[in-house]
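input_10.cif follows; it contains mmCIF, C-alpha atoms.
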```cif
data_query
loop_
_atom_site.group_PDB
_atom_site.id
_atom_site.type_symbol
_atom_site.label_atom_id
_atom_site.label_comp_id
_atom_site.auth_asym_id
_atom_site.auth_seq_id
_atom_site.Cartn_x
_atom_site.Cartn_y
_atom_site.Cartn_z
ATOM 1 C CA MET I 5 -9.749 -9.654 -9.247
ATOM 2 C CA ARG I 6 -7.491 -8.617 -6.363
ATOM 3 C CA GLU I 7 -7.995 -5.286 -4.614
ATOM 4 C CA SER I 8 -4.681 -3.939 -5.932
ATOM 5 C CA GLU I 9 -5.744 -4.761 -9.507
ATOM 6 C CA ARG I 10 -9.119 -3.049 -8.988
ATOM 7 C CA ARG I 11 -7.348 0.029 -7.580
ATOM 8 C CA GLU I 12 -4.976 0.164 -10.567
ATOM 9 C CA GLU I 13 -7.905 -0.133 -12.970
ATOM 10 C CA ARG I 14 -9.733 2.755 -11.231
ATOM 11 C CA GLU I 15 -6.559 4.868 -11.346
ATOM 12 C CA GLU I 16 -6.114 4.208 -15.064
ATOM 13 C CA GLN I 17 -9.697 5.310 -15.715
ATOM 14 C CA GLU I 18 -9.372 8.467 -13.598
ATOM 15 C CA GLU I 19 -8.737 11.627 -15.578
ATOM 16 C CA ARG I 20 -5.149 12.837 -15.453
ATOM 17 C CA THR I 21 -4.372 16.521 -15.694
ATOM 18 C CA TYR I 22 -1.047 18.206 -16.296
ATOM 19 C CA ALA I 23 0.725 21.545 -16.248
ATOM 20 C CA VAL I 24 4.230 22.672 -17.121
ATOM 21 C CA LEU I 25 6.357 24.711 -14.725
ATOM 22 C CA GLU I 26 9.227 26.719 -16.155
ATOM 23 C CA SER I 27 11.827 26.288 -13.428
ATOM 24 C CA PRO I 28 15.497 27.188 -12.929
ATOM 25 C CA ILE I 29 16.339 23.558 -13.770
ATOM 26 C CA GLY I 30 14.255 23.523 -16.946
ATOM 27 C CA PRO I 31 10.617 22.805 -17.689
ATOM 28 C CA LEU I 32 8.930 20.337 -15.358
ATOM 29 C CA LEU I 33 5.847 18.409 -16.423
ATOM 30 C CA LEU I 34 3.533 17.916 -13.434
ATOM 31 C CA SER I 35 0.673 15.458 -13.664
ATOM 32 C CA GLY I 36 -1.895 14.060 -11.334
ATOM 33 C CA THR I 37 -5.414 12.898 -10.692
ATOM 34 C CA GLY I 38 -8.054 13.895 -8.193
ATOM 35 C CA ALA I 39 -6.100 11.825 -5.647
ATOM 36 C CA GLY I 40 -3.031 14.044 -5.930
ATOM 37 C CA LEU I 41 0.205 14.738 -7.742
ATOM 38 C CA SER I 42 1.423 11.568 -9.485
ATOM 39 C CA ALA I 43 4.504 12.630 -11.422
ATOM 40 C CA VAL I 44 7.110 15.321 -11.926
ATOM 41 C CA GLU I 45 9.067 14.820 -15.137
ATOM 42 C CA PHE I 46 12.299 16.532 -16.144
ATOM 43 C CA ALA I 47 13.135 17.723 -19.627
ATOM 44 C CA ARG I 48 15.277 15.223 -21.553
ATOM 45 C CA ASP I 49 18.085 16.297 -23.849
ATOM 46 C CA GLY I 50 16.859 19.882 -23.662
ATOM 47 C CA ARG I 51 13.325 18.942 -24.666
ATOM 48 C CA PRO I 52 10.378 19.195 -22.287
ATOM 49 C CA ALA I 53 8.578 16.008 -21.326
ATOM 50 C CA PHE I 54 5.302 15.533 -23.177
ATOM 51 C CA PRO I 55 1.981 14.620 -21.607
ATOM 52 C CA ALA I 56 0.593 11.203 -22.454
ATOM 53 C CA ALA I 57 -2.344 10.818 -24.791
ATOM 54 C CA GLY I 58 -5.589 11.534 -23.003
ATOM 55 C CA TRP I 59 -4.138 13.852 -20.382
ATOM 56 C CA ARG I 60 -5.818 17.255 -20.105
ATOM 57 C CA GLU I 61 -3.907 20.466 -19.488
ATOM 58 C CA ASP I 62 -5.318 22.131 -16.381
ATOM 59 C CA ARG I 63 -3.149 24.610 -14.489
ATOM 60 C CA SER I 64 -5.881 25.109 -11.890
ATOM 61 C CA ALA I 65 -5.874 21.394 -11.010
ATOM 62 C CA GLN I 66 -2.104 21.594 -10.500
ATOM 63 C CA ALA I 67 -2.125 25.117 -9.006
ATOM 64 C CA GLU I 68 -0.924 24.175 -5.525
ATOM 65 C CA ALA I 69 1.895 21.977 -6.842
ATOM 66 C CA LEU I 70 2.934 24.782 -9.213
ATOM 67 C CA ARG I 71 2.872 27.303 -6.357
ATOM 68 C CA GLN I 72 4.859 25.133 -3.948
ATOM 69 C CA LEU I 73 7.486 24.182 -6.528
ATOM 70 C CA ALA I 74 7.932 27.844 -7.513
ATOM 71 C CA ALA I 75 8.358 28.717 -3.811
ATOM 72 C CA TYR I 76 10.895 25.883 -3.403
ATOM 73 C CA PHE I 77 12.982 27.145 -6.313
ATOM 74 C CA ALA I 78 12.775 30.688 -4.911
ATOM 75 C CA GLY I 79 14.225 29.411 -1.621
ATOM 76 C CA GLU I 80 10.976 30.138 0.230
ATOM 77 C CA LEU I 81 9.744 26.556 0.837
ATOM 78 C CA ARG I 82 11.598 23.749 2.572
ATOM 79 C CA GLU I 83 8.894 21.106 2.887
ATOM 80 C CA PHE I 84 6.152 20.241 0.430
ATOM 81 C CA ASP I 85 2.595 19.790 1.677
ATOM 82 C CA LEU I 86 0.750 18.265 -1.246
ATOM 83 C CA PRO I 87 -1.554 15.307 -1.723
ATOM 84 C CA LEU I 88 0.594 12.742 -3.516
ATOM 85 C CA ALA I 89 -0.557 9.770 -5.567
ATOM 86 C CA PRO I 90 2.527 7.930 -6.807
ATOM 87 C CA ARG I 91 2.086 4.430 -8.196
ATOM 88 C CA GLY I 92 4.532 1.726 -7.227
ATOM 89 C CA THR I 93 5.042 -1.486 -5.315
ATOM 90 C CA ALA I 94 4.636 -1.585 -1.548
ATOM 91 C CA PHE I 95 8.443 -1.573 -1.235
ATOM 92 C CA GLN I 96 8.837 1.428 -3.552
ATOM 93 C CA LEU I 97 6.134 3.342 -1.694
ATOM 94 C CA ALA I 98 7.910 2.641 1.613
ATOM 95 C CA VAL I 99 11.200 3.956 0.189
ATOM 96 C CA TRP I 100 9.483 7.058 -1.219
ATOM 97 C CA ARG I 101 7.796 7.751 2.132
ATOM 98 C CA GLU I 102 11.171 7.555 3.851
ATOM 99 C CA LEU I 103 12.681 9.963 1.321
ATOM 100 C CA GLN I 104 10.144 12.550 2.460
ATOM 101 C CA ARG I 105 11.612 12.373 5.961
ATOM 102 C CA ILE I 106 15.074 13.554 4.846
ATOM 103 C CA PRO I 107 15.224 17.199 5.952
ATOM 104 C CA TYR I 108 15.832 20.027 3.521
ATOM 105 C CA GLY I 109 19.527 20.729 3.158
ATOM 106 C CA GLU I 110 20.616 17.316 4.440
ATOM 107 C CA THR I 111 21.779 14.171 2.688
ATOM 108 C CA ILE I 112 21.937 10.503 3.604
ATOM 109 C CA SER I 113 23.574 7.501 1.947
ATOM 110 C CA TYR I 114 21.786 4.710 0.143
ATOM 111 C CA ALA I 115 22.936 2.399 2.961
ATOM 112 C CA GLU I 116 21.324 4.685 5.528
ATOM 113 C CA LEU I 117 18.117 4.807 3.499
ATOM 114 C CA ALA I 118 18.082 1.001 3.367
ATOM 115 C CA ARG I 119 18.534 0.887 7.136
ATOM 116 C CA ARG I 120 15.709 3.390 7.641
ATOM 117 C CA VAL I 121 13.260 1.293 5.618
ATOM 118 C CA GLY I 122 14.188 -1.766 7.675
ATOM 119 C CA ARG I 123 16.106 -3.508 4.879
ATOM 120 C CA PRO I 124 19.803 -2.820 5.656
ATOM 121 C CA ARG I 125 21.029 -5.484 3.222
ATOM 122 C CA ALA I 126 18.842 -4.269 0.363
ATOM 123 C CA VAL I 127 20.964 -1.265 -0.626
ATOM 124 C CA ARG I 128 20.709 -2.018 -4.350
ATOM 125 C CA ALA I 129 16.946 -2.565 -4.194
ATOM 126 C CA VAL I 130 16.571 0.698 -2.259
ATOM 127 C CA GLY I 131 18.730 2.429 -4.865
ATOM 128 C CA ALA I 132 16.534 1.052 -7.634
ATOM 129 C CA ALA I 133 13.352 2.211 -5.859
ATOM 130 C CA ASN I 134 14.938 5.618 -5.313
ATOM 131 C CA GLY I 135 15.719 5.780 -9.034
ATOM 132 C CA ARG I 136 12.104 5.026 -9.937
ATOM 133 C CA ASN I 137 10.702 7.839 -7.810
ATOM 134 C CA PRO I 138 8.000 9.440 -9.999
ATOM 135 C CA LEU I 139 7.999 12.659 -7.943
ATOM 136 C CA PRO I 140 11.573 13.992 -7.982
ATOM 137 C CA VAL I 141 12.152 17.284 -6.156
ATOM 138 C CA VAL I 142 8.846 16.909 -4.261
ATOM 139 C CA VAL I 143 9.922 13.504 -2.922
ATOM 140 C CA PRO I 144 13.595 14.407 -2.489
ATOM 141 C CA CYS I 145 15.510 11.495 -3.962
ATOM 142 C CA HIS I 146 18.271 13.999 -4.789
ATOM 143 C CA ARG I 147 19.182 14.008 -1.084
ATOM 144 C CA VAL I 148 20.514 10.442 -1.287
ATOM 145 C CA ILE I 149 24.232 10.172 -2.064
ATOM 146 C CA GLY I 150 26.963 7.554 -2.062
ATOM 147 C CA SER I 151 28.472 6.332 1.220
ATOM 148 C CA ASP I 152 31.692 8.138 0.308
ATOM 149 C CA GLY I 153 29.822 11.441 -0.008
ATOM 150 C CA ARG I 154 29.905 11.517 -3.807
ATOM 151 C CA LEU I 155 26.898 12.201 -5.968
ATOM 152 C CA THR I 156 25.632 9.077 -7.662
ATOM 153 C CA GLY I 157 22.758 8.393 -10.029
ATOM 154 C CA TYR I 158 19.908 10.779 -10.660
ATOM 155 C CA ALA I 159 17.149 10.634 -13.265
ATOM 156 C CA GLY I 160 17.754 14.258 -14.206
ATOM 157 C CA GLY I 161 21.534 13.793 -14.309
ATOM 158 C CA LEU I 162 24.234 14.502 -11.733
ATOM 159 C CA ASN I 163 24.460 18.176 -12.721
ATOM 160 C CA LEU I 164 20.807 18.636 -11.840
ATOM 161 C CA LYS I 165 21.225 16.725 -8.573
ATOM 162 C CA HIS I 166 24.168 18.988 -7.717
ATOM 163 C CA ARG I 167 22.116 22.116 -8.515
ATOM 164 C CA LEU I 168 19.255 20.999 -6.250
ATOM 165 C CA LEU I 169 21.609 20.228 -3.368
ATOM 166 C CA VAL I 170 23.381 23.587 -3.790
ATOM 167 C CA LEU I 171 19.974 25.320 -3.817
ATOM 168 C CA GLU I 172 19.284 23.669 -0.451
ATOM 169 C CA GLY I 173 22.670 24.705 0.939
ATOM 170 C CA CYS I 174 24.052 21.164 1.267
ATOM 171 C CA ARG I 175 27.741 20.757 1.937
ATOM 172 C CA LEU I 176 29.188 18.743 -0.914
ATOM 173 C CA PRO I 177 32.619 17.201 -1.398
ATOM 174 C CA GLY I 178 35.096 18.681 -3.805
#
```

Please rewrite the model in this file as structure tokens.
Amino acid sequence: MRESERREEREEQEERTYAVLESPIGPLLLSGTGAGLSAVEFARDGRPAFPAAGWREDRSAQAEALRQLAAYFAGELREFDLPLAPRGTAFQLAVWRELQRIPYGETISYAELARRVGRPRAVRAVGAANGRNPLPVVVPCHRVIGSDGRLTGYAGGLNLKHRLLVLEGCRLPG
């Protein structure tokens, strides 16, 4: 068994806790393990995301993530400082790490993100990795926009992406 398979097996066996944050953009389901925050899930069609079978509700385990997200939405926090434990391929993890380097209130294009991860011709692959980010808001995939400055693709919908960018004071076209 390869090391990556052993790590995935350990992660699957590790207890996952969750908590729900009522936010200005709707309820957010936060989940994680002892290694850190693993996912932030948006409500879908007006319905909150549901925890998976076997997850245990534990607001104390998610207390710091809850506190920092509340501070972000209140305009009091510009950079998250949380242990993160997203699961993805090496390429996805590299893209998600680069997303964390985009400063609050700024945007970059997908092409620029591809350049920053050292894969300037892989704009579509970078876009796909961006779209699979399991930690939206915390890992700010909303700060990536089209080369023409327009908002494109967002798991929570373009309205939500627009609201997050406005919250951060980004200058948007139109």

Within 10 Å of Ala89 (chain I), counting all atoms listed in the file, which residues qualify if same-chain residues fewer than 5 places away don't, as a PDB file with C-alpha atoms, in the frame of the given file?
```pdb
ATOM      1  CA  GLU I  15      -6.559   4.868 -11.346  1.00  0.00           C
ATOM      2  CA  SER I  35       0.673  15.458 -13.664  1.00  0.00           C
ATOM      3  CA  GLY I  36      -1.895  14.060 -11.334  1.00  0.00           C
ATOM      4  CA  THR I  37      -5.414  12.898 -10.692  1.00  0.00           C
ATOM      5  CA  GLY I  38      -8.054  13.895  -8.193  1.00  0.00           C
ATOM      6  CA  ALA I  39      -6.100  11.825  -5.647  1.00  0.00           C
ATOM      7  CA  GLY I  40      -3.031  14.044  -5.930  1.00  0.00           C
ATOM      8  CA  LEU I  41       0.205  14.738  -7.742  1.00  0.00           C
ATOM      9  CA  SER I  42       1.423  11.568  -9.485  1.00  0.00           C
ATOM     10  CA  ALA I  43       4.504  12.630 -11.422  1.00  0.00           C
ATOM     11  CA  PRO I 138       8.000   9.440  -9.999  1.00  0.00           C
ATOM     12  CA  LEU I 139       7.999  12.659  -7.943  1.00  0.00           C
TER      13      LEU I 139
END
```

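For the structure in this document, the set picked by the PyMOL selection byres ((chain I and resi 85) around 10) is Glu68, Ala69, Gln72, Leu81, Arg82, Glu83, Phe84, Leu86, Pro87, Leu88 and Val142 of chain I.
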
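When all atoms listed in the file are used to compute distances to Gly173 (chain I), the closest of the residues I:Gly135, I:Pro107, I:Gly150, I:Gly157 turns out to be I:Pro107.
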
Selection result of the PyMOL selection byres ((chain I and resi 121) around 7) on this file, as a VMD selection string: chain I and resid 98 to 99 102 117 to 120 122 to 123

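Atom to atom, CA of Val143 (chain I) and CA of Gln104 (chain I) stand 5.5 Å apart.
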
Selection: 8 Å around His146 (chain I), all atoms listed in the file, excl. self and same-chain fewer than 3 positions, as a ChimeraX atom specification: /I:140-141,149,158,165,168-169

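If you look at CA of Cys174 (chain I) and CA of Arg136 (chain I), they are 23.0 Å away from each other.
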
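Note on the selection: in this file the PyMOL selection byres ((chain I and resi 134) around 8) comes out as Gln96, Val99, Trp100, Val130, Gly131, Ala132, Ala133, Gly135, Arg136, Asn137 and Cys145 of chain I.
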
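Taking CA of Leu73 (chain I) and CA of Tyr108 (chain I) as the two end points, the separation is 13.7 Å.
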
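Counting all atoms listed in the file and comparing I:Phe77, I:Pro55, I:Phe95, I:Asn163, the residue that lies closest to Glu26 (chain I) is I:Phe77.
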
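Counting all atoms listed in the file, the residue from I:Ala78, I:Ala129, I:Ala57, I:Val148 that sits nearest to Leu103 (chain I) is I:Val148.
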